[in-house]
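Coordinates from upload_24.json are shown below (JSON, C-alpha atoms and all ligand atoms).
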[["chain", "number", "residue", "atom", "x", "y", "z"],
["R", 1, "MET", "CA", -133.14, 15.22, 102.32],
["R", 2, "SER", "CA", -133.32, 17.58, 99.32],
["R", 3, "ALA", "CA", -135.60, 20.62, 99.09],
["R", 4, "PRO", "CA", -138.75, 20.64, 96.93],
["R", 5, "ILE", "CA", -138.18, 21.88, 93.39],
["R", 6, "LEU", "CA", -141.79, 23.11, 93.16],
["R", 7, "GLN", "CA", -144.17, 24.06, 95.96],
["R", 8, "ALA", "CA", -147.79, 25.09, 96.04],
["R", 9, "VAL", "CA", -148.73, 26.68, 99.34],
["R", 10, "ASN", "CA", -152.43, 27.19, 100.16],
["R", 11, "VAL", "CA", -153.28, 27.60, 96.48],
["R", 12, "THR", "CA", -156.92, 28.42, 95.75],
["R", 13, "LYS", "CA", -158.52, 29.03, 92.35],
["R", 14, "ARG", "CA", -162.06, 30.32, 92.12],
["R", 15, "TYR", "CA", -164.20, 30.87, 89.06],
["R", 16, "GLY", "CA", -166.77, 33.36, 90.34],
["R", 17, "LYS", "CA", -168.33, 31.68, 93.36],
["R", 18, "PHE", "CA", -167.12, 28.21, 92.38],
["R", 19, "THR", "CA", -163.88, 26.98, 93.97],
["R", 20, "ALA", "CA", -162.12, 24.62, 91.55],
["R", 21, "VAL", "CA", -158.89, 24.31, 93.61],
["R", 22, "ASN", "CA", -159.30, 24.73, 97.32],
["R", 23, "ASN", "CA", -156.32, 25.53, 99.57],
["R", 24, "ILE", "CA", -153.87, 23.03, 98.06],
["R", 25, "THR", "CA", -150.42, 22.65, 99.63],
["R", 26, "LEU", "CA", -148.07, 20.39, 97.73],
["R", 27, "ASP", "CA", -144.32, 19.67, 97.56],
["R", 28, "ILE", "CA", -142.85, 18.26, 94.35],
["R", 29, "MET", "CA", -139.44, 16.72, 95.01],
["R", 30, "PRO", "CA", -136.65, 16.82, 92.37],
["R", 31, "GLY", "CA", -135.98, 13.73, 90.28],
["R", 32, "THR", "CA", -139.38, 12.18, 90.94],
["R", 33, "VAL", "CA", -142.50, 11.29, 89.02],
["R", 34, "HIS", "CA", -145.32, 12.90, 91.00],
["R", 35, "SER", "CA", -148.81, 11.95, 89.81],
["R", 36, "VAL", "CA", -152.01, 13.86, 90.44],
["R", 37, "ILE", "CA", -155.10, 11.67, 90.25],
["R", 38, "GLY", "CA", -158.76, 12.00, 91.15],
["R", 39, "PRO", "CA", -162.28, 11.58, 89.78],
["R", 40, "ASN", "CA", -163.48, 13.71, 86.86],
["R", 41, "GLY", "CA", -163.88, 17.35, 87.85],
["R", 42, "ALA", "CA", -161.63, 16.97, 90.92],
["R", 43, "GLY", "CA", -159.54, 19.98, 89.87],
["R", 44, "LYS", "CA", -156.41, 18.27, 88.49],
["R", 45, "THR", "CA", -156.19, 20.24, 85.26],
["R", 46, "THR", "CA", -157.01, 23.49, 87.03],
["R", 47, "LEU", "CA", -154.18, 22.80, 89.48],
["R", 48, "PHE", "CA", -151.84, 22.20, 86.50],
["R", 49, "HIS", "CA", -152.96, 25.48, 84.94],
["R", 50, "THR", "CA", -152.23, 27.37, 88.14],
["R", 51, "LEU", "CA", -148.76, 25.80, 88.53],
["R", 52, "THR", "CA", -147.73, 26.43, 84.92],
["R", 53, "GLY", "CA", -149.16, 29.95, 84.84],
["R", 54, "THR", "CA", -151.89, 29.29, 82.29],
["R", 55, "THR", "CA", -154.40, 30.51, 84.89],
["R", 56, "PRO", "CA", -153.71, 33.07, 87.64],
["R", 57, "ILE", "CA", -154.41, 31.87, 91.17],
["R", 58, "THR", "CA", -156.95, 33.54, 93.46],
["R", 59, "GLU", "CA", -154.90, 33.02, 96.63],
["R", 60, "GLY", "CA", -151.70, 31.33, 97.75],
["R", 61, "SER", "CA", -148.11, 30.95, 96.73],
["R", 62, "ILE", "CA", -146.21, 28.96, 94.07],
["R", 63, "ARG", "CA", -142.44, 28.59, 94.41],
["R", 64, "VAL", "CA", -139.80, 27.18, 92.09],
["R", 65, "GLU", "CA", -136.67, 26.29, 94.09],
["R", 66, "GLY", "CA", -137.91, 28.63, 96.80],
["R", 67, "GLU", "CA", -138.55, 31.57, 94.47],
["R", 68, "GLU", "CA", -142.08, 32.98, 94.26],
["R", 69, "VAL", "CA", -143.52, 32.68, 90.73],
["R", 70, "ALA", "CA", -147.28, 33.00, 91.32],
["R", 71, "HIS", "CA", -147.28, 36.52, 89.86],
["R", 72, "LEU", "CA", -145.42, 35.44, 86.69],
["R", 73, "PRO", "CA", -147.19, 34.61, 83.40],
["R", 74, "GLY", "CA", -146.66, 31.20, 81.81],
["R", 75, "TYR", "CA", -143.80, 32.17, 79.46],
["R", 76, "LYS", "CA", -141.81, 33.59, 82.38],
["R", 77, "ARG", "CA", -142.34, 30.39, 84.36],
["R", 78, "VAL", "CA", -140.90, 28.51, 81.37],
["R", 79, "GLN", "CA", -137.73, 30.56, 81.89],
["R", 80, "LYS", "CA", -137.74, 29.42, 85.53],
["R", 81, "GLY", "CA", -137.70, 25.81, 84.33],
["R", 82, "LEU", "CA", -141.37, 24.74, 84.13],
["R", 83, "ALA", "CA", -142.39, 23.10, 80.85],
["R", 84, "ARG", "CA", -145.70, 21.78, 79.80],
["R", 85, "SER", "CA", -146.01, 19.12, 77.13],
["R", 86, "PHE", "CA", -148.37, 20.50, 74.54],
["R", 87, "GLN", "CA", -150.87, 18.70, 72.38],
["R", 88, "VAL", "CA", -150.24, 17.30, 68.90],
["R", 89, "THR", "CA", -151.42, 20.63, 67.49],
["R", 90, "SER", "CA", -148.21, 22.26, 68.71],
["R", 91, "LEU", "CA", -146.07, 20.15, 66.36],
["R", 92, "PHE", "CA", -145.02, 21.55, 62.99],
["R", 93, "PRO", "CA", -146.83, 19.07, 60.73],
["R", 94, "ASN", "CA", -144.71, 19.60, 57.61],
["R", 95, "LEU", "CA", -141.35, 19.49, 59.38],
["R", 96, "SER", "CA", -139.60, 16.23, 60.10],
["R", 97, "VAL", "CA", -139.36, 14.79, 63.59],
["R", 98, "ARG", "CA", -135.71, 15.82, 63.75],
["R", 99, "GLU", "CA", -136.46, 19.38, 62.58],
["R", 100, "ASN", "CA", -139.28, 19.74, 65.13],
["R", 101, "LEU", "CA", -136.90, 18.77, 67.93],
["R", 102, "ARG", "CA", -134.04, 20.95, 66.66],
["R", 103, "LEU", "CA", -136.35, 23.95, 66.48],
["R", 104, "ALA", "CA", -137.62, 23.31, 70.00],
["R", 105, "ALA", "CA", -134.02, 23.04, 71.22],
["R", 106, "GLN", "CA", -133.12, 26.32, 69.50],
["R", 107, "GLY", "CA", -136.09, 28.03, 71.13],
["R", 108, "ARG", "CA", -134.37, 27.52, 74.45],
["R", 109, "GLU", "CA", -132.20, 30.61, 73.93],
["R", 110, "PRO", "CA", -134.21, 32.91, 71.67],
["R", 111, "LEU", "CA", -132.00, 35.95, 72.32],
["R", 112, "ALA", "CA", -128.79, 34.08, 71.57],
["R", 113, "ALA", "CA", -130.27, 33.26, 68.17],
["R", 114, "LEU", "CA", -130.02, 36.97, 67.31],
["R", 115, "ASN", "CA", -126.31, 37.10, 68.06],
["R", 116, "PRO", "CA", -124.43, 36.37, 64.77],
["R", 117, "TRP", "CA", -121.26, 35.26, 66.57],
["R", 118, "ARG", "CA", -123.08, 32.69, 68.68],
["R", 119, "ARG", "CA", -125.31, 31.41, 65.94],
["R", 120, "ALA", "CA", -123.24, 28.56, 64.46],
["R", 121, "GLU", "CA", -122.31, 27.21, 67.88],
["R", 122, "GLN", "CA", -125.87, 27.42, 69.09],
["R", 123, "ILE", "CA", -127.31, 25.72, 66.03],
["R", 124, "HIS", "CA", -124.74, 22.95, 66.38],
["R", 125, "ALA", "CA", -125.74, 22.37, 70.02],
["R", 126, "ALA", "CA", -129.45, 22.36, 69.08],
["R", 127, "CYS", "CA", -128.80, 19.80, 66.33],
["R", 128, "GLU", "CA", -126.91, 17.54, 68.72],
["R", 129, "LEU", "CA", -129.65, 17.75, 71.33],
["R", 130, "GLY", "CA", -132.33, 17.13, 68.68],
["R", 131, "ASP", "CA", -130.56, 13.97, 67.50],
["R", 132, "GLU", "CA", -130.08, 12.76, 71.05],
["R", 133, "LEU", "CA", -133.79, 13.18, 71.66],
["R", 134, "VAL", "CA", -134.76, 11.32, 68.48],
["R", 135, "ALA", "CA", -132.97, 8.29, 69.93],
["R", 136, "ARG", "CA", -134.33, 8.75, 73.42],
["R", 137, "LEU", "CA", -137.89, 8.90, 72.08],
["R", 138, "SER", "CA", -137.27, 5.75, 69.98],
["R", 139, "LEU", "CA", -138.20, 7.68, 66.85],
["R", 140, "GLN", "CA", -135.05, 6.88, 64.81],
["R", 141, "ASN", "CA", -137.05, 5.02, 62.14],
["R", 142, "VAL", "CA", -139.21, 8.05, 61.47],
["R", 143, "ALA", "CA", -136.69, 10.82, 62.17],
["R", 144, "LEU", "CA", -136.87, 12.21, 58.62],
["R", 145, "ARG", "CA", -140.63, 11.85, 58.20],
["R", 146, "PRO", "CA", -142.95, 14.88, 58.54],
["R", 147, "SER", "CA", -144.54, 14.78, 61.99],
["R", 148, "ALA", "CA", -148.03, 14.75, 60.39],
["R", 149, "GLU", "CA", -147.27, 11.24, 59.08],
["R", 150, "LEU", "CA", -146.51, 9.73, 62.49],
["R", 151, "SER", "CA", -148.88, 7.45, 64.36],
["R", 152, "HIS", "CA", -150.82, 8.94, 67.27],
["R", 153, "GLY", "CA", -148.49, 7.29, 69.80],
["R", 154, "GLN", "CA", -145.38, 8.56, 68.02],
["R", 155, "GLN", "CA", -146.80, 12.08, 67.87],
["R", 156, "ARG", "CA", -147.51, 12.04, 71.60],
["R", 157, "ARG", "CA", -143.93, 10.92, 72.32],
["R", 158, "LEU", "CA", -142.69, 13.73, 70.09],
["R", 159, "GLU", "CA", -144.74, 16.24, 72.11],
["R", 160, "VAL", "CA", -142.97, 15.07, 75.26],
["R", 161, "GLY", "CA", -139.68, 15.42, 73.38],
["R", 162, "MET", "CA", -140.54, 19.01, 72.45],
["R", 163, "ALA", "CA", -140.85, 19.77, 76.17],
["R", 164, "MET", "CA", -137.57, 17.91, 76.90],
["R", 165, "ALA", "CA", -135.78, 19.95, 74.22],
["R", 166, "GLY", "CA", -136.18, 23.08, 76.34],
["R", 167, "GLN", "CA", -134.15, 21.29, 79.05],
["R", 168, "PRO", "CA", -136.55, 22.35, 81.80],
["R", 169, "LYS", "CA", -136.41, 21.35, 85.44],
["R", 170, "VAL", "CA", -140.03, 20.22, 85.67],
["R", 171, "ILE", "CA", -142.15, 18.68, 82.88],
["R", 172, "PHE", "CA", -145.94, 18.66, 83.21],
["R", 173, "LEU", "CA", -147.77, 15.90, 81.36],
["R", 174, "ASP", "CA", -151.57, 15.99, 81.14],
["R", 175, "GLU", "CA", -152.93, 12.55, 80.22],
["R", 176, "PRO", "CA", -150.08, 11.63, 77.87],
["R", 177, "THR", "CA", -151.53, 8.17, 77.10],
["R", 178, "SER", "CA", -155.07, 9.26, 76.22],
["R", 179, "GLY", "CA", -156.33, 7.64, 73.03],
["R", 180, "MET", "CA", -153.36, 5.24, 72.79],
["R", 181, "GLY", "CA", -153.21, 1.52, 72.04],
["R", 182, "ILE", "CA", -151.47, -0.97, 74.33],
["R", 183, "ASP", "CA", -148.06, -0.92, 72.59],
["R", 184, "ASP", "CA", -147.90, 2.86, 72.50],
["R", 185, "ILE", "CA", -148.90, 3.00, 76.17],
["R", 186, "ALA", "CA", -145.97, 0.74, 77.09],
["R", 187, "ASP", "CA", -143.54, 2.96, 75.15],
["R", 188, "MET", "CA", -144.90, 6.13, 76.78],
["R", 189, "LYS", "CA", -144.72, 4.55, 80.23],
["R", 190, "ARG", "CA", -141.04, 3.65, 79.68],
["R", 191, "LEU", "CA", -140.32, 7.16, 78.43],
["R", 192, "ILE", "CA", -141.98, 8.89, 81.40],
["R", 193, "HIS", "CA", -140.22, 6.61, 83.85],
["R", 194, "SER", "CA", -136.86, 7.43, 82.25],
["R", 195, "LEU", "CA", -137.50, 11.18, 82.41],
["R", 196, "ARG", "CA", -136.84, 11.34, 86.13],
["R", 197, "GLU", "CA", -133.14, 10.69, 85.51],
["R", 198, "ASP", "CA", -132.88, 14.26, 84.19],
["R", 199, "TYR", "CA", -136.12, 16.04, 85.05],
["R", 200, "THR", "CA", -138.91, 16.15, 87.58],
["R", 201, "VAL", "CA", -142.26, 14.99, 86.20],
["R", 202, "VAL", "CA", -145.72, 16.09, 87.29],
["R", 203, "LEU", "CA", -148.26, 13.76, 85.71],
["R", 204, "ILE", "CA", -152.05, 13.71, 85.36],
["R", 205, "GLU", "CA", -153.03, 10.22, 84.27],
["R", 206, "HIS", "CA", -156.24, 8.20, 84.41],
["R", 207, "ASN", "CA", -154.55, 4.84, 83.70],
["R", 208, "MET", "CA", -154.05, 3.52, 87.23],
["R", 209, "ASP", "CA", -151.64, 0.74, 86.19],
["R", 210, "ILE", "CA", -149.26, 3.37, 84.86],
["R", 211, "VAL", "CA", -149.71, 5.63, 87.88],
["R", 212, "MET", "CA", -149.10, 2.83, 90.36],
["R", 213, "ASP", "CA", -146.09, 1.47, 88.44],
["R", 214, "ILE", "CA", -144.08, 4.62, 87.75],
["R", 215, "SER", "CA", -145.00, 7.21, 90.40],
["R", 216, "ASP", "CA", -142.71, 8.01, 93.29],
["R", 217, "ARG", "CA", -145.48, 9.98, 94.93],
["R", 218, "ILE", "CA", -149.19, 10.41, 94.30],
["R", 219, "THR", "CA", -151.54, 13.22, 95.23],
["R", 220, "VAL", "CA", -155.22, 12.31, 95.14],
["R", 221, "MET", "CA", -157.67, 15.19, 94.58],
["R", 222, "GLN", "CA", -161.39, 15.28, 95.19],
["R", 223, "LEU", "CA", -163.72, 18.28, 94.94],
["R", 224, "GLY", "CA", -160.77, 20.67, 94.57],
["R", 225, "GLN", "CA", -158.99, 19.45, 97.69],
["R", 226, "ILE", "CA", -156.28, 16.96, 98.52],
["R", 227, "LEU", "CA", -157.84, 13.72, 99.70],
["R", 228, "ALA", "CA", -154.59, 11.80, 100.26],
["R", 229, "GLN", "CA", -150.89, 11.90, 99.42],
["R", 230, "GLY", "CA", -148.26, 9.19, 99.55],
["R", 231, "LYS", "CA", -146.36, 6.41, 97.81],
["R", 232, "PRO", "CA", -148.30, 4.13, 95.43],
["R", 233, "ASP", "CA", -148.76, 1.39, 98.03],
["R", 234, "GLU", "CA", -150.04, 3.85, 100.62],
["R", 235, "ILE", "CA", -152.55, 5.26, 98.11],
["R", 236, "ARG", "CA", -153.67, 1.83, 96.95],
["R", 237, "ASN", "CA", -154.44, 0.83, 100.53],
["R", 238, "ASP", "CA", -156.03, 4.11, 101.62],
["R", 239, "GLU", "CA", -159.65, 3.56, 102.57],
["R", 240, "ARG", "CA", -160.70, 7.15, 101.69],
["R", 241, "VAL", "CA", -159.22, 6.78, 98.22],
["R", 242, "ARG", "CA", -160.96, 3.47, 97.66],
["R", 243, "ARG", "CA", -164.25, 5.07, 98.60],
["R", 244, "ALA", "CA", -163.68, 8.07, 96.32],
["R", 245, "TYR", "CA", -163.04, 5.75, 93.40],
["R", 246, "LEU", "CA", -165.84, 3.38, 94.41],
["R", 247, "GLY", "CA", -163.31, 0.71, 95.20],
["R", 248, "SER", "CA", -162.33, -0.70, 91.85],
["R", 249, "MET", "CA", -160.30, 1.79, 89.87],
["R", 250, "ILE", "CA", -157.31, 2.22, 92.16],
["R", 251, "THR", "CA", -156.89, -1.37, 93.16],
["R", 252, "GLY", "CA", -157.20, -2.51, 89.55],
["R", 253, "GLY", "CA", -158.15, -5.95, 90.80],
["R", 254, "ARG", "CA", -154.73, -6.41, 92.35],
["R", 255, "ALA", "CA", -155.58, -5.76, 95.96],
["R", 301, "LIG", "N1", -162.74, 28.23, 83.19],
["R", 301, "LIG", "C1", -163.58, 27.65, 84.05],
["R", 301, "LIG", "N2", -164.69, 28.29, 84.49],
["R", 301, "LIG", "C2", -165.53, 27.73, 85.37],
["R", 301, "LIG", "N3", -165.36, 26.50, 85.89],
["R", 301, "LIG", "C3", -164.30, 25.80, 85.50],
["R", 301, "LIG", "C4", -163.34, 26.33, 84.57],
["R", 301, "LIG", "N4", -162.36, 25.39, 84.38],
["R", 301, "LIG", "C5", -162.70, 24.33, 85.14],
["R", 301, "LIG", "N5", -163.85, 24.57, 85.81],
["R", 301, "LIG", "C6", -164.53, 23.65, 86.75],
["R", 301, "LIG", "O1", -163.60, 23.29, 87.74],
["R", 301, "LIG", "C7", -163.81, 21.92, 88.13],
["R", 301, "LIG", "C8", -162.50, 21.18, 88.01],
["R", 301, "LIG", "O2", -162.20, 20.98, 86.63],
["R", 301, "LIG", "P1", -160.84, 20.34, 86.14],
["R", 301, "LIG", "O3", -160.86, 20.32, 84.63],
["R", 301, "LIG", "O4", -159.70, 20.98, 86.80],
["R", 301, "LIG", "O5", -161.00, 18.84, 86.71],
["R", 301, "LIG", "P2", -160.15, 17.55, 86.38],
["R", 301, "LIG", "O6", -159.88, 16.88, 87.68],
["R", 301, "LIG", "O7", -158.98, 17.88, 85.54],
["R", 301, "LIG", "O8", -161.21, 16.69, 85.56],
["R", 301, "LIG", "P3", -161.00, 15.64, 84.33],
["R", 301, "LIG", "O9", -160.34, 14.43, 84.91],
["R", 301, "LIG", "O10", -162.42, 15.36, 83.89],
["R", 301, "LIG", "O11", -160.18, 16.33, 83.27],
["R", 301, "LIG", "C9", -164.90, 21.36, 87.23],
["R", 301, "LIG", "O12", -166.13, 21.38, 87.95],
["R", 301, "LIG", "C10", -164.95, 22.34, 86.07],
["R", 301, "LIG", "O13", -166.25, 22.44, 85.53]]

Just give me the structure of the file as structure tokens.
Ligand SMILES: Nc1ncnc2c1ncn2[C@@H]1O[C@H](COP(=O)(O)OP(=O)(O)OP(=O)(O)O)[C@@H](O)[C@H]1O
Amino acid sequence: MSAPILQAVNVTKRYGKFTAVNNITLDIMPGTVHSVIGPNGAGKTTLFHTLTGTTPITEGSIRVEGEEVAHLPGYKRVQKGLARSFQVTSLFPNLSVRENLRLAAQGREPLAALNPWRRAEQIHAACELGDELVARLSLQNVALRPSAELSHGQQRRLEVGMAMAGQPKVIFLDEPTSGMGIDDIADMKRLIHSLREDYTVVLIEHNMDIVMDISDRITVMQLGQILAQGKPDEIRNDERVRRAYLGSMITGGRA
């Protein structure tokens, strides 16, 4: 069995006297979609912030491939292979889809960009990767359009592509389908499911159909703690989880 790519060990995050994340221990395995679910205020986003380095932890340890990163700020964790998909606001609205992706791919090696001898080669590689991603995101029809002109669903796929362009090991997605219509949700679901061929995905998602269909493993949080962990079927049939969600949300009428 392979080793975890990302580990949280006894991670606690306090805001003053309030404990938002309470002694969480979690293994994220490579090549999986690992979802974090739980009622509002359970601590999911705070856990994401602590893993990606947006927020320092109060106690505990965070390891990427066994290496301690808890003391590193967010940008240094990006260099270790952790990438967060940012919101629509992080897109360059006047640049085309293709240019957005090429720029994100170039940002992968900022120092190499300063080396005049490497520049042409590097730009060529970034262009190739950008074009590959346009196809993978199913954005060929709008590749030359400014990103501001895309639909909401297309923009959200492009955000995921911007994270992919950095060729990270782990991609964090925080509610990637929020505000989407049914067709866009289906496209995003396919995209996330396909990501695990090349990356590891950590996903916060409120849409239980998506979570149950594409997750390899699910962590359920409640009141800052882990309530249950397991495969989708195990979570769906877990009595504690049913109670936490008042029965209906997890089962989605299927059980
Ligand atoms: N900067 C902060 N200062 C104080 N309390 C905070 C801060 N950030 C989050 N919290 C509190 O921590 C708790 C967990 O919040 P968090 O946003 O992590 O939950 P969540 O599970 O992501 O919820 P949702 O599904 O509604 O987004 C909440 O009670 C929230 O009010």

Checklist entry - Near Lys76 (chain R), counting all atoms listed in the file, which residues have an atom at most 12 Å away, once you skip same-chain residues fewer than 6 positions from it, shown as a list of chain:residue names? => result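 The neighbour list is R:Thr52, R:Gly53, R:Thr54, R:Val64, R:Glu68, R:Val69, R:Ala70, R:Leu82, R:Ala83.
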
Centre, edges in Å (one decimal): axis-aligned box, ligand LIG 301 (chain R), 5 Å padding on all six sides, as JSON:
{"center_x": -162.6, "center_y": 21.4, "center_z": 85.7, "size_x": 17.3, "size_y": 23.9, "size_z": 14.9}

Checklist entry - For the atom pair CA of Leu139 (chain R) and CA of Phe48 (chain R), what is the interatomic distance in Å to one decimal place? => result 28.0 Å

Item to check | Cut-off 12 Å, all atoms listed in the file, neighbours of ligand LIG 301 (chain R) as a PyMOL selection string | outcome: chain R and resi 12-22+36-50+54-56+174-175+178+203-207+219-226

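Separating CA of Glu197 (chain R) from CA of Pro146 (chain R) is a distance of 29.0 Å.
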
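Between Pro93 (chain R) and the candidates R:Ser61, R:Asn23, R:Ser147, R:Gln140, the tightest atom-to-atom separation, counting all atoms listed in the file, involves R:Ser147.
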
Checklist entry - Which neighbours of Asn141 (chain R) fall inside 12 Å, counting only C-alpha atoms, when residues of the same chain fewer than 3 positions from it are skipped, and could you give them as a list in words? => result Ser96, Val97, Arg98, Val134, Ala135, Leu137, Ser138, Leu144, Arg145, Leu150 and Gln154 of chain R

Suppose we keep C-alpha atoms; can you now write the selection as an mmCIF file, in the coordinates of the input?
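Output file part20.cif is given in full below:
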data_model
loop_
_atom_site.group_PDB
_atom_site.id
_atom_site.type_symbol
_atom_site.label_atom_id
_atom_site.label_comp_id
_atom_site.auth_asym_id
_atom_site.auth_seq_id
_atom_site.Cartn_x
_atom_site.Cartn_y
_atom_site.Cartn_z
ATOM 1 C CA SER R 96 -139.600 16.230 60.100
ATOM 2 C CA VAL R 97 -139.360 14.790 63.590
ATOM 3 C CA ARG R 98 -135.710 15.820 63.750
ATOM 4 C CA VAL R 134 -134.760 11.320 68.480
ATOM 5 C CA ALA R 135 -132.970 8.290 69.930
ATOM 6 C CA LEU R 137 -137.890 8.900 72.080
ATOM 7 C CA SER R 138 -137.270 5.750 69.980
ATOM 8 C CA LEU R 144 -136.870 12.210 58.620
ATOM 9 C CA ARG R 145 -140.630 11.850 58.200
ATOM 10 C CA LEU R 150 -146.510 9.730 62.490
ATOM 11 C CA GLN R 154 -145.380 8.560 68.020
#

Next on the checklist: Can you pull out the residues contacting His34 (chain R)? Cut-off 8 Å, using all atoms listed in the file, and skip same-chain residues under 2 positions away; I want them as an MDAnalysis selection string.
Outcome noted: chainID R and resid 28 32 36 200:203 215:219

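CA of Met164 (chain R) lies 8.0 Å from CA of Leu133 (chain R).
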